[in-house]
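Engineer: The structure file model30.tsv (TSV, C-alpha atoms and all ligand atoms) is provided below.
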```tsv
chain	number	residue	atom	x	y	z
A	10	MET	CA	0.00	0.00	0.00
A	11	GLU	CA	1.07	3.56	-0.60
A	12	TYR	CA	0.15	6.40	1.75
A	13	ARG	CA	-0.39	10.00	0.75
A	14	ARG	CA	-0.77	13.14	2.85
A	15	LEU	CA	-4.30	14.45	3.03
A	16	GLY	CA	-3.54	17.71	1.23
A	17	LYS	CA	-1.17	19.84	3.25
A	18	SER	CA	-2.15	18.15	6.52
A	19	GLY	CA	0.17	15.72	8.26
A	20	LEU	CA	-2.37	12.90	8.08
A	21	GLN	CA	-1.29	9.98	5.89
A	22	LEU	CA	-4.11	8.08	4.22
A	23	SER	CA	-3.83	4.88	2.23
A	24	VAL	CA	-4.26	5.80	-1.45
A	25	LEU	CA	-6.94	3.12	-1.63
A	26	SER	CA	-9.54	3.34	1.10
A	27	PHE	CA	-12.89	1.67	1.69
A	28	GLY	CA	-16.45	2.98	2.05
A	29	SER	CA	-19.75	1.36	2.95
A	30	TRP	CA	-22.36	3.32	0.95
A	31	LEU	CA	-25.24	1.06	-0.21
A	32	THR	CA	-23.48	-2.05	1.02
A	33	PHE	CA	-23.30	-2.15	4.84
A	34	GLY	CA	-26.73	-2.45	6.42
A	35	LYS	CA	-28.30	-2.86	2.98
A	36	GLN	CA	-26.86	-4.90	0.09
A	37	VAL	CA	-24.53	-7.17	2.10
A	38	GLY	CA	-24.90	-9.07	5.36
A	39	ASP	CA	-22.82	-8.41	8.46
A	40	ALA	CA	-20.48	-11.37	7.82
A	41	THR	CA	-19.61	-10.05	4.36
A	42	ALA	CA	-19.14	-6.55	5.80
A	43	ASP	CA	-16.67	-8.02	8.29
A	44	GLU	CA	-14.84	-9.86	5.51
A	45	LEU	CA	-14.61	-6.70	3.38
A	46	MET	CA	-13.19	-4.61	6.23
A	47	THR	CA	-10.72	-7.35	7.11
A	48	VAL	CA	-9.48	-7.75	3.53
A	49	ALA	CA	-9.13	-3.97	3.28
A	50	TYR	CA	-7.26	-3.60	6.58
A	51	ASP	CA	-4.99	-6.54	5.77
A	52	HIS	CA	-4.08	-4.89	2.45
A	53	GLY	CA	-2.99	-1.75	4.32
A	54	VAL	CA	-6.18	0.31	4.02
A	55	ASN	CA	-6.23	2.78	6.90
A	56	PHE	CA	-9.28	4.87	6.01
A	57	PHE	CA	-12.89	3.69	6.35
A	58	ASP	CA	-15.57	6.05	5.07
A	59	ASN	CA	-19.11	6.34	6.38
A	60	ALA	CA	-22.00	8.82	6.80
A	61	GLU	CA	-25.07	9.32	8.96
A	62	ILE	CA	-27.34	8.84	5.93
A	63	TYR	CA	-25.84	5.50	4.77
A	64	SER	CA	-28.58	2.93	5.36
A	65	ARG	CA	-30.12	5.52	7.69
A	66	GLY	CA	-27.45	5.04	10.38
A	67	GLN	CA	-27.26	1.27	10.01
A	68	SER	CA	-24.03	1.41	8.00
A	69	GLU	CA	-22.27	3.09	10.94
A	70	ILE	CA	-23.72	0.56	13.37
A	71	VAL	CA	-22.37	-2.35	11.29
A	72	MET	CA	-18.95	-0.70	10.89
A	73	GLY	CA	-18.83	0.17	14.60
A	74	GLU	CA	-19.50	-3.43	15.60
A	75	ILE	CA	-16.72	-4.65	13.30
A	76	LEU	CA	-14.23	-2.07	14.59
A	77	LYS	CA	-15.04	-3.09	18.15
A	78	LYS	CA	-14.74	-6.80	17.43
A	79	LYS	CA	-11.50	-6.56	15.50
A	80	SER	CA	-9.61	-4.76	18.26
A	81	TRP	CA	-7.45	-3.01	15.68
A	82	ARG	CA	-5.53	-0.30	17.47
A	83	ARG	CA	-7.49	2.94	17.25
A	84	ASP	CA	-4.36	4.79	16.17
A	85	SER	CA	-3.90	2.45	13.17
A	86	TYR	CA	-6.97	3.58	11.19
A	87	VAL	CA	-8.98	6.63	10.26
A	88	VAL	CA	-12.77	6.59	10.32
A	89	SER	CA	-15.05	9.24	8.92
A	90	SER	CA	-18.65	10.31	8.97
A	91	LYS	CA	-20.66	12.97	7.18
A	92	VAL	CA	-23.41	15.31	8.24
A	93	PHE	CA	-26.15	17.01	6.22
A	94	PHE	CA	-28.86	14.57	5.15
A	95	GLY	CA	-29.76	13.38	8.68
A	96	LEU	CA	-31.05	9.83	8.74
A	97	GLY	CA	-33.13	10.50	5.61
A	98	GLY	CA	-36.77	9.68	5.11
A	99	SER	CA	-39.82	11.88	4.69
A	100	ASP	CA	-40.46	12.21	8.45
A	101	LEU	CA	-37.33	14.29	9.15
A	102	ARG	CA	-37.93	17.49	11.13
A	103	PRO	CA	-36.06	20.66	10.05
A	104	THR	CA	-33.59	20.43	12.96
A	105	GLN	CA	-32.59	16.88	12.01
A	106	LYS	CA	-30.66	17.77	8.85
A	107	GLY	CA	-28.44	20.48	7.38
A	108	LEU	CA	-25.36	22.20	8.74
A	109	SER	CA	-26.76	24.23	11.64
A	110	ARG	CA	-24.79	24.13	14.89
A	111	LYS	CA	-27.58	22.06	16.38
A	112	HIS	CA	-27.60	19.35	13.72
A	113	VAL	CA	-23.82	19.21	13.23
A	114	VAL	CA	-23.21	18.76	16.98
A	115	GLU	CA	-26.01	16.23	17.40
A	116	ALA	CA	-25.07	14.32	14.25
A	117	CYS	CA	-21.48	14.08	15.47
A	118	GLU	CA	-22.59	12.72	18.88
A	119	GLN	CA	-24.88	10.19	17.20
A	120	SER	CA	-22.21	9.00	14.74
A	121	LEU	CA	-19.74	8.55	17.60
A	122	GLU	CA	-22.31	6.41	19.36
A	123	ARG	CA	-23.16	4.30	16.30
A	124	LEU	CA	-19.51	3.81	15.38
A	125	GLN	CA	-18.55	3.19	19.02
A	126	VAL	CA	-15.51	5.45	18.83
A	127	ASP	CA	-14.44	8.40	21.00
A	128	TYR	CA	-13.63	10.68	18.05
A	129	LEU	CA	-14.08	10.86	14.28
A	130	ASP	CA	-10.84	11.35	12.37
A	131	LEU	CA	-12.60	13.03	9.47
A	132	PHE	CA	-15.97	14.76	9.54
A	133	PHE	CA	-17.47	15.96	6.25
A	134	CYS	CA	-20.24	18.41	5.45
A	135	HIS	CA	-21.97	16.02	3.04
A	136	ARG	CA	-23.37	18.87	0.91
A	137	HIS	CA	-23.42	22.67	1.05
A	138	ASP	CA	-26.31	24.12	3.08
A	139	LYS	CA	-27.78	27.31	1.71
A	140	GLN	CA	-29.99	27.65	4.81
A	141	THR	CA	-27.05	28.01	7.24
A	142	PRO	CA	-24.47	30.82	7.27
A	143	VAL	CA	-21.09	29.27	6.57
A	144	GLU	CA	-19.71	31.07	9.68
A	145	GLU	CA	-21.95	28.94	11.87
A	146	THR	CA	-20.70	25.70	10.35
A	147	VAL	CA	-17.03	26.73	10.40
A	148	TRP	CA	-17.24	27.74	14.09
A	149	THR	CA	-19.03	24.50	14.95
A	150	MET	CA	-16.45	22.33	13.20
A	151	HIS	CA	-13.62	24.28	14.84
A	152	ASN	CA	-15.19	23.80	18.25
A	153	LEU	CA	-15.69	20.06	17.67
A	154	ILE	CA	-11.96	19.84	16.94
A	155	GLN	CA	-11.18	21.80	20.12
A	156	GLN	CA	-13.39	19.39	22.08
A	157	GLY	CA	-11.52	16.38	20.65
A	158	LYS	CA	-14.61	14.96	19.00
A	159	ILE	CA	-13.23	15.26	15.47
A	160	LEU	CA	-9.70	15.68	14.17
A	161	TYR	CA	-10.13	17.14	10.66
A	162	TRP	CA	-13.17	18.51	8.92
A	163	GLY	CA	-14.00	18.87	5.27
A	164	THR	CA	-16.68	19.18	2.65
A	165	SER	CA	-18.27	16.94	0.05
A	166	GLU	CA	-19.44	18.11	-3.35
A	167	TRP	CA	-19.00	21.78	-2.53
A	168	THR	CA	-17.95	24.13	-5.32
A	169	ALA	CA	-14.51	25.73	-5.24
A	170	ALA	CA	-16.13	29.07	-4.41
A	171	GLU	CA	-18.00	27.59	-1.44
A	172	ILE	CA	-14.85	25.94	-0.09
A	173	MET	CA	-12.92	29.18	-0.52
A	174	GLU	CA	-15.59	31.09	1.38
A	175	ALA	CA	-15.30	28.66	4.31
A	176	HIS	CA	-11.54	29.14	4.27
A	177	LEU	CA	-11.78	32.90	4.28
A	178	VAL	CA	-14.16	32.78	7.27
A	179	ALA	CA	-11.78	30.46	9.10
A	180	GLN	CA	-8.82	32.68	8.31
A	181	ARG	CA	-10.64	35.84	9.46
A	182	HIS	CA	-11.37	34.34	12.88
A	183	SER	CA	-8.19	32.21	13.23
A	184	LEU	CA	-10.23	28.99	13.10
A	185	ILE	CA	-9.35	25.64	11.58
A	186	GLY	CA	-10.70	25.55	8.02
A	187	PRO	CA	-11.64	22.55	5.87
A	188	THR	CA	-8.74	20.19	5.19
A	189	MET	CA	-10.32	18.02	2.51
A	190	GLU	CA	-13.12	17.63	-0.03
A	191	GLN	CA	-14.89	14.45	-1.04
A	192	PRO	CA	-15.94	14.79	-4.67
A	193	GLN	CA	-16.97	12.19	-7.21
A	194	TYR	CA	-14.03	11.39	-9.47
A	195	ASN	CA	-13.75	8.80	-12.18
A	196	MET	CA	-13.19	8.52	-15.93
A	197	LEU	CA	-16.71	9.82	-16.53
A	198	GLU	CA	-16.85	12.63	-13.94
A	199	ARG	CA	-13.85	14.94	-13.92
A	200	PHE	CA	-14.84	18.62	-13.63
A	201	LYS	CA	-14.45	19.33	-9.90
A	202	VAL	CA	-11.19	17.47	-9.33
A	203	GLU	CA	-9.47	18.41	-12.59
A	204	GLU	CA	-10.75	21.94	-13.12
A	205	ASP	CA	-12.81	23.60	-10.40
A	206	TYR	CA	-10.46	22.86	-7.49
A	207	GLN	CA	-7.16	23.66	-9.26
A	208	LEU	CA	-6.58	26.89	-7.38
A	209	LEU	CA	-7.47	25.26	-4.06
A	210	TYR	CA	-4.65	22.71	-4.37
A	211	THR	CA	-2.03	25.39	-4.78
A	212	SER	CA	-3.42	28.14	-2.55
A	213	LEU	CA	-4.94	26.07	0.28
A	214	GLY	CA	-3.31	22.65	0.00
A	215	LEU	CA	-6.73	20.98	-0.27
A	216	GLY	CA	-6.79	17.19	0.07
A	217	THR	CA	-9.32	14.98	-1.72
A	218	THR	CA	-10.86	11.62	-0.84
A	219	VAL	CA	-12.64	10.76	-4.08
A	220	TRP	CA	-15.74	8.58	-4.48
A	221	SER	CA	-17.23	6.15	-7.00
A	222	PRO	CA	-14.04	5.38	-8.93
A	223	LEU	CA	-16.03	2.77	-10.89
A	224	ALA	CA	-19.09	5.02	-11.36
A	225	SER	CA	-21.17	2.55	-9.35
A	226	GLY	CA	-19.96	-0.36	-11.49
A	227	VAL	CA	-20.38	0.85	-15.07
A	228	LEU	CA	-16.58	1.20	-15.29
A	229	THR	CA	-16.14	-2.50	-14.54
A	230	GLY	CA	-17.62	-3.21	-17.97
A	231	LYS	CA	-20.21	-5.54	-16.42
A	232	TYR	CA	-23.10	-3.66	-18.05
A	233	ASN	CA	-21.50	-3.54	-21.52
A	234	GLU	CA	-23.68	-6.30	-22.93
A	235	GLY	CA	-26.87	-5.48	-21.05
A	236	PHE	CA	-28.24	-5.02	-17.57
A	237	VAL	CA	-27.12	-7.36	-14.79
A	238	LYS	CA	-29.81	-7.65	-12.15
A	239	GLU	CA	-27.87	-9.01	-9.18
A	240	THR	CA	-25.80	-5.86	-8.77
A	241	ARG	CA	-26.06	-2.45	-7.10
A	242	LEU	CA	-28.00	-0.96	-9.99
A	243	GLY	CA	-30.61	-3.69	-9.62
A	244	ILE	CA	-31.41	-2.74	-6.01
A	245	GLU	CA	-35.01	-1.62	-5.56
A	246	GLY	CA	-35.26	2.10	-4.95
A	247	LEU	CA	-32.05	2.90	-6.84
A	248	GLU	CA	-33.71	3.41	-10.22
A	249	TRP	CA	-32.49	7.04	-10.17
A	250	LEU	CA	-28.89	5.81	-9.91
A	251	LYS	CA	-29.41	3.16	-12.57
A	252	ASP	CA	-30.84	5.66	-15.08
A	253	ARG	CA	-28.10	8.18	-14.47
A	254	THR	CA	-25.25	5.68	-14.47
A	255	LEU	CA	-26.27	3.61	-17.46
A	256	ALA	CA	-26.66	6.59	-19.77
A	257	GLN	CA	-25.78	5.72	-23.37
A	258	ALA	CA	-22.68	7.93	-23.43
A	259	ASN	CA	-21.30	6.19	-20.31
A	260	LEU	CA	-21.91	2.72	-21.73
A	261	GLU	CA	-20.26	3.61	-25.02
A	262	ARG	CA	-17.13	4.81	-23.23
A	263	ALA	CA	-17.13	1.75	-20.96
A	264	ARG	CA	-17.29	-0.58	-23.98
A	265	LYS	CA	-14.34	1.08	-25.73
A	266	LEU	CA	-12.34	1.25	-22.49
A	267	THR	CA	-12.93	-2.45	-21.81
A	268	VAL	CA	-11.41	-3.36	-25.19
A	269	PHE	CA	-8.46	-1.08	-24.46
A	270	ALA	CA	-7.95	-2.47	-20.95
A	271	LYS	CA	-7.72	-5.96	-22.42
A	272	GLU	CA	-5.20	-4.78	-25.00
A	273	ILE	CA	-2.86	-3.53	-22.25
A	274	GLY	CA	-3.42	-6.60	-20.08
A	275	LEU	CA	-5.58	-5.10	-17.32
A	276	SER	CA	-9.10	-5.75	-16.16
A	277	MET	CA	-11.49	-2.85	-16.65
A	278	PRO	CA	-11.99	-2.06	-12.91
A	279	VAL	CA	-8.25	-2.14	-12.33
A	280	LEU	CA	-7.66	0.27	-15.22
A	281	ALA	CA	-10.37	2.66	-13.98
A	282	ILE	CA	-9.00	2.76	-10.42
A	283	ALA	CA	-5.36	3.03	-11.51
A	284	TRP	CA	-6.38	5.97	-13.73
A	285	CYS	CA	-7.77	7.81	-10.65
A	286	LEU	CA	-4.56	7.13	-8.73
A	287	LYS	CA	-2.50	8.81	-11.47
A	288	ASN	CA	-3.90	12.17	-10.40
A	289	GLU	CA	-1.54	13.63	-7.79
A	290	HIS	CA	-4.31	15.79	-6.33
A	291	VAL	CA	-6.17	12.68	-5.23
A	292	SER	CA	-5.21	11.85	-1.63
A	293	SER	CA	-7.26	8.66	-1.46
A	294	VAL	CA	-9.57	6.75	-3.79
A	295	ILE	CA	-12.48	5.29	-1.81
A	296	LEU	CA	-13.36	1.82	-3.05
A	297	GLY	CA	-16.75	0.21	-2.66
A	298	ALA	CA	-17.35	-3.52	-2.92
A	299	SER	CA	-20.08	-6.08	-2.38
A	300	LYS	CA	-17.69	-9.06	-2.47
A	301	ALA	CA	-14.20	-9.62	-1.07
A	302	ALA	CA	-12.96	-10.86	-4.45
A	303	GLN	CA	-13.79	-7.46	-5.97
A	304	LEU	CA	-11.62	-5.70	-3.41
A	305	VAL	CA	-8.74	-8.10	-3.97
A	306	GLU	CA	-8.96	-7.45	-7.71
A	307	ASN	CA	-9.18	-3.70	-7.21
A	308	PHE	CA	-6.00	-3.58	-5.11
A	309	GLN	CA	-4.12	-4.61	-8.26
A	310	ALA	CA	-4.57	-0.99	-9.35
A	311	LEU	CA	-1.55	-0.08	-7.22
A	312	GLU	CA	0.74	-2.16	-9.45
A	313	ALA	CA	-1.16	-1.36	-12.63
A	314	ARG	CA	-0.26	2.31	-12.38
A	315	ASN	CA	3.15	1.45	-13.80
A	316	LYS	CA	1.49	0.50	-17.06
A	317	LEU	CA	-0.20	3.86	-17.42
A	318	THR	CA	2.61	5.64	-19.24
A	319	PRO	CA	2.03	9.11	-20.75
A	320	GLU	CA	1.39	7.39	-24.12
A	321	ILE	CA	-1.24	5.09	-22.61
A	322	MET	CA	-2.86	8.03	-20.78
A	323	ASP	CA	-3.04	9.90	-24.12
A	324	ARG	CA	-4.75	6.94	-25.75
A	325	ILE	CA	-7.27	6.84	-22.89
A	326	GLU	CA	-7.99	10.56	-23.48
A	327	LEU	CA	-8.77	9.76	-27.10
A	328	ILE	CA	-11.43	7.32	-25.91
A	329	LEU	CA	-12.84	9.53	-23.15
A	330	LEU	CA	-12.84	12.85	-25.01
A	331	ASN	CA	-14.06	14.55	-21.83
A	332	LYS	CA	-10.96	16.26	-20.45
A	333	PRO	CA	-12.06	19.51	-18.78
A	334	LYS	CA	-10.71	22.62	-20.55
A	335	ARG	CA	-8.31	24.63	-18.40
A	401	LIG	P1	-17.58	2.41	-6.99
A	401	LIG	O1	-17.99	3.37	-8.03
A	401	LIG	O2	-16.22	1.84	-7.10
A	401	LIG	O3	-18.69	1.25	-6.94
A	401	LIG	C1	-18.52	0.16	-6.10
A	401	LIG	C2	-19.40	-0.98	-6.59
A	401	LIG	O4	-18.96	-1.46	-7.87
A	401	LIG	C3	-19.32	-2.18	-5.67
A	401	LIG	O5	-20.15	-2.07	-4.54
A	401	LIG	C4	-19.69	-3.32	-6.59
A	401	LIG	O6	-21.11	-3.30	-6.75
A	401	LIG	C5	-19.01	-2.88	-7.89
A	401	LIG	N1	-17.63	-3.37	-8.00
A	401	LIG	C6	-16.53	-2.96	-7.30
A	401	LIG	N2	-15.44	-3.62	-7.70
A	401	LIG	C7	-15.83	-4.47	-8.66
A	401	LIG	C8	-15.13	-5.42	-9.45
A	401	LIG	N3	-13.82	-5.61	-9.33
A	401	LIG	N4	-15.84	-6.14	-10.35
A	401	LIG	C9	-17.17	-5.97	-10.49
A	401	LIG	N5	-17.89	-5.09	-9.76
A	401	LIG	C10	-17.22	-4.34	-8.86
A	401	LIG	O7	-17.62	3.09	-5.55
A	401	LIG	P2	-18.86	3.54	-4.63
A	401	LIG	O8	-19.91	4.19	-5.44
A	401	LIG	O9	-19.23	2.41	-3.76
A	401	LIG	O10	-18.16	4.66	-3.76
A	401	LIG	C11	-17.12	4.31	-2.85
A	401	LIG	C12	-17.34	5.03	-1.54
A	401	LIG	O11	-17.31	6.44	-1.75
A	401	LIG	C13	-18.69	4.79	-0.86
A	401	LIG	O12	-18.76	3.59	-0.16
A	401	LIG	C14	-18.75	5.98	0.06
A	401	LIG	O13	-17.94	5.75	1.19
A	401	LIG	C15	-18.14	7.09	-0.80
A	401	LIG	N6	-19.19	7.88	-1.47
A	401	LIG	C16	-19.33	9.20	-1.10
A	401	LIG	C17	-20.30	9.99	-1.64
A	401	LIG	C18	-20.41	11.41	-1.20
A	401	LIG	O14	-21.38	12.09	-1.57
A	401	LIG	N7	-19.48	11.91	-0.43
A	401	LIG	C19	-21.25	9.47	-2.65
A	401	LIG	C20	-21.00	8.09	-3.00
A	401	LIG	C21	-20.00	7.35	-2.45
A	401	LIG	P3	-21.99	-4.57	-7.22
A	401	LIG	O15	-21.22	-5.81	-6.91
A	401	LIG	O16	-23.25	-4.45	-6.46
A	401	LIG	O17	-22.21	-4.36	-8.68
```
If you convert what's in this file into structure tokens, what do you get?
Structural biologist:
Amino acid sequence: MEYRRLGKSGLQLSVLSFGSWLTFGKQVGDATADELMTVAYDHGVNFFDNAEIYSRGQSEIVMGEILKKKSWRRDSYVVSSKVFFGLGGSDLRPTQKGLSRKHVVEACEQSLERLQVDYLDLFFCHRHDKQTPVEETVWTMHNLIQQGKILYWGTSEWTAAEIMEAHLVAQRHSLIGPTMEQPQYNMLERFKVEEDYQLLYTSLGLGTTVWSPLASGVLTGKYNEGFVKETRLGIEGLEWLKDRTLAQANLERARKLTVFAKEIGLSMPVLAIAWCLKNEHVSSVILGASKAAQLVENFQALEARNKLTPEIMDRIELILLNKPKR
């Protein structure tokens, strides 16, 4: 495993990490969840990603039980949560979501309880909240750090301008600003990481923990010949994700990339993950998996990076034709 600094912070994250969205407490049973965490930890993964909204809190409960059972030293791994969506559902009251001081503090307490840990290493604002002044959120995150309940805070899917605003507020009041962002990044979704955040890397030393490196599975090539029911995109209630992910343009790119991956002797998921790792502004690529064998395969991306020479990367660009203009 390779470890990279989370932006300009001193925290070293494994370049491949593991998250439990749609799997823990939903798609996979607790025994499989345990197996996935174990395989990840044994391969050197030191960052486990979670959120209050994942399986409406159940994902944190499952992960918390595993962390407790494993007795891995607390100082050997990093665990995150995210606040914004609350526990989801149509019965949420206004105070149970968003980035107000009240919800951020209560969400943090509740995540600590579900995960059975004394502090969260990383705490993300899962989305930007137009209903809360950014000052309120920055002060709250700073105070949670002072209280020892979180160590670093960050954002997820905020625009560069929104992140910059949070930084300026933090600077003005000598508070601790956001250390990292968690954006989607993969061969099909490049704008934020490759264009929007450029200035933030150089001026703020922003770190990134990127999500959905396989675009929920389309970049494994498994949907190239038609829909496969027994997969994430076949889960009831995820029709919105299925429609968005299996758009014609995505499938066409996946088909061409699969042929190319074979030509250079890689599997499609390994190529897609290795491609993300080539970006030096990515601190960690968060993997998702429903089976241990998928994780084992995906770890081959570390080695596969050597095959992605500038010439190969150029040939990939000719297939993707979606490089953001800078
Ligand atoms: P991916 O895009 O990599 O999708 C993972 C899924 O792809 C797996 O669950 C599995 O689904 C399939 N898969 C993985 N490897 C293989 C393989 N080798 N062969 C075949 N199929 C494979 O990542 P996720 O979308 O899961 O995102 C990763 C993490 O990022 C999440 O767990 C979460 O922690 C974080 N995240 C954060 C978000 C945010 O807003 N901040 C949003 C979304 C995710 P299956 O077997 O069911 O097909």
Engineer: Which residues come within 6 Å of region 54-65 of chain A, counting only C-alpha atoms, excluding same-chain residues fewer than 5 positions away, as an NGL selection string?
Structural biologist: :A and (23 or 26-28 or 30 or 34 or 49 or 86-91 or 94-96)
Engineer: Using all atoms of region 186-189 of chain A that appear in the file, construct an axis-aligned enclosing box with 8 Å of padding on every side and provide its centre coordinates and edge lengths in Å, rounded to one decimal, as JSON.
Structural biologist:
```
{"center_x": -10.2, "center_y": 21.8, "center_z": 5.3, "size_x": 18.9, "size_y": 23.5, "size_z": 21.5}
```
Engineer: Considering all atoms listed in the file, can you say which of A:Thr218, A:Ser292, A:Thr164, A:Ser225 comes closest to ligand LIG 401 (chain A)?
Structural biologist: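 The answer is A:Ser225, which sits nearest to ligand LIG 401 (chain A).
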Engineer: Would you please work out which residue, of A:Glu198, A:Glu69, A:Asp138, A:Asp51, is nearest to Leu228 (chain A) when using all atoms listed in the file?
Structural biologist: A:Glu198
Engineer: Could you pull out the residues sitting within 7 Å of ligand LIG 401 (chain A), using only C-alpha atoms and all ligand atoms, and write them as a PyMOL selection string?
Structural biologist: chain A and resi 27-32+58-59+135+165-166+191-193+219-226+229+231+240-242+278+295-300+303-304+306-307
Engineer: Please tell me which residues are no farther than 9 Å from (-6.6, 1.1, -11.4) in the file, counting only C-alpha atoms, and write them as a VMD selection string.
Structural biologist: chain A and resid 222 275 to 287 307 to 314
Engineer: Could you state the separation of CA of Gly230 (chain A) and CA of Phe269 (chain A) in Å, given to one decimal place?
Structural biologist: 11.4 Å
Engineer: Which neighbours of Thr254 (chain A) fall inside 7 Å, counting all atoms listed in the file, when residues of the same chain fewer than 3 positions from it are skipped, and could you give them as a PDB file with C-alpha atoms, in the frame of the given file?
Structural biologist:
```
ATOM      1  CA  ALA A 224     -19.090   5.020 -11.360  1.00  0.00           C
ATOM      2  CA  VAL A 227     -20.380   0.850 -15.070  1.00  0.00           C
ATOM      3  CA  LEU A 250     -28.890   5.810  -9.910  1.00  0.00           C
ATOM      4  CA  LYS A 251     -29.410   3.160 -12.570  1.00  0.00           C
TER       5      LYS A 251
END
```
Engineer: Give me, as a tab-separated table, the closest atom pair and its distance (Å, one decimal) for every residue of region 60-120 of chain A within a cut-off of 8 Å of region 139-161 of chain A, counting all atoms listed in the file, rows sorted by chain and rising number.
Structural biologist:
```
residue	atom	partner	partner_atom	distance
A:Gly107	CA	A:Thr141	CA	7.7
A:Leu108	CA	A:Thr146	CA	6.0
A:Ser109	CA	A:Thr141	CA	5.8
A:Arg110	CA	A:Thr149	CA	5.8
A:Val113	CA	A:Thr149	CA	7.3
A:Val114	CA	A:Thr149	CA	7.4
A:Cys117	CA	A:Lys158	CA	7.8
```
Engineer: Separation of CA of Gly19 (chain A) and CA of Leu131 (chain A), in Å?
Structural biologist: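 Calculated distance between CA of Gly19 (chain A) and CA of Leu131 (chain A) is 13.1 Å.
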Engineer: By how many Å are CA of Ala116 (chain A) and CA of Phe93 (chain A) apart?
Structural biologist: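 Taking CA of Ala116 (chain A) and CA of Phe93 (chain A), their separation equals 8.5 Å.
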Engineer: Identify which of the residues A:Pro333, A:Lys17, A:Asp100, A:Tyr128 lies closest to Phe200 (chain A), counting only C-alpha atoms when measuring atom-to-atom distances.
Structural biologist: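 Nearest to Phe200 (chain A): A:Pro333.
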Engineer: Find the residues near Thr211 (chain A): any atom within 12 Å, counting all atoms listed in the file, skip ones fewer than 3 places away on the same chain, and give them as number ranges by chain.
Structural biologist: A: 16-17, 206-208, 214-216, 290
Engineer: My list of candidates is A:Ala263, A:Val178, A:Ala170, A:Ala42. Which is closest to Leu209 (chain A) when distances are computed with only C-alpha atoms?
Structural biologist: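 Smallest separation from Leu209 (chain A) among the options: A:Ala170.
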Engineer: Quick one: of A:Ser212, A:Met196, A:Glu234, A:Glu320, who's nearest to Leu177 (chain A), counting all atoms listed in the file?
Structural biologist: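 The answer is A:Ser212, which sits nearest to Leu177 (chain A).
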Engineer: Got a sec to check which residues sit within 9 Å of (-21.8, 0.4, 14.7), counting only C-alpha atoms, and write them as a list in words?
Structural biologist: Gly66, Gln67, Ser68, Glu69, Ile70, Val71, Met72, Gly73, Glu74, Ile75, Leu76, Lys77, Ser120, Leu121, Glu122, Arg123, Leu124 and Gln125 of chain A
Engineer: Kindly write N, CA and C atoms of region 41-52 of chain A from the structure just given to a file, as a JSON list (two decimals), in the first residue's frame.
Structural biologist:
```
[["chain", "number", "residue", "atom", "x", "y", "z"],
["A", 41, "THR", "N", -20.34, -10.56, 5.54],
["A", 41, "THR", "CA", -19.61, -10.05, 4.36],
["A", 41, "THR", "C", -18.98, -8.70, 4.67],
["A", 42, "ALA", "N", -19.70, -7.86, 5.41],
["A", 42, "ALA", "CA", -19.14, -6.55, 5.80],
["A", 42, "ALA", "C", -17.84, -6.76, 6.57],
["A", 43, "ASP", "N", -17.85, -7.70, 7.48],
["A", 43, "ASP", "CA", -16.67, -8.02, 8.29],
["A", 43, "ASP", "C", -15.53, -8.48, 7.38],
["A", 44, "GLU", "N", -15.86, -9.34, 6.43],
["A", 44, "GLU", "CA", -14.84, -9.86, 5.51],
["A", 44, "GLU", "C", -14.23, -8.73, 4.68],
["A", 45, "LEU", "N", -15.09, -7.82, 4.21],
["A", 45, "LEU", "CA", -14.61, -6.70, 3.38],
["A", 45, "LEU", "C", -13.66, -5.80, 4.17],
["A", 46, "MET", "N", -14.05, -5.47, 5.40],
["A", 46, "MET", "CA", -13.19, -4.61, 6.23],
["A", 46, "MET", "C", -11.86, -5.30, 6.52],
["A", 47, "THR", "N", -11.94, -6.60, 6.77],
["A", 47, "THR", "CA", -10.72, -7.35, 7.11],
["A", 47, "THR", "C", -9.77, -7.40, 5.93],
["A", 48, "VAL", "N", -10.33, -7.70, 4.74],
["A", 48, "VAL", "CA", -9.48, -7.75, 3.53],
["A", 48, "VAL", "C", -8.85, -6.37, 3.32],
["A", 49, "ALA", "N", -9.65, -5.33, 3.49],
["A", 49, "ALA", "CA", -9.13, -3.97, 3.28],
["A", 49, "ALA", "C", -8.00, -3.67, 4.27],
["A", 50, "TYR", "N", -8.26, -3.92, 5.54],
["A", 50, "TYR", "CA", -7.26, -3.60, 6.58],
["A", 50, "TYR", "C", -5.98, -4.42, 6.34],
["A", 51, "ASP", "N", -6.16, -5.68, 6.00],
["A", 51, "ASP", "CA", -4.99, -6.54, 5.77],
["A", 51, "ASP", "C", -4.18, -6.12, 4.54],
["A", 52, "HIS", "N", -4.82, -5.40, 3.61],
["A", 52, "HIS", "CA", -4.08, -4.89, 2.45],
["A", 52, "HIS", "C", -3.49, -3.50, 2.73]]
```
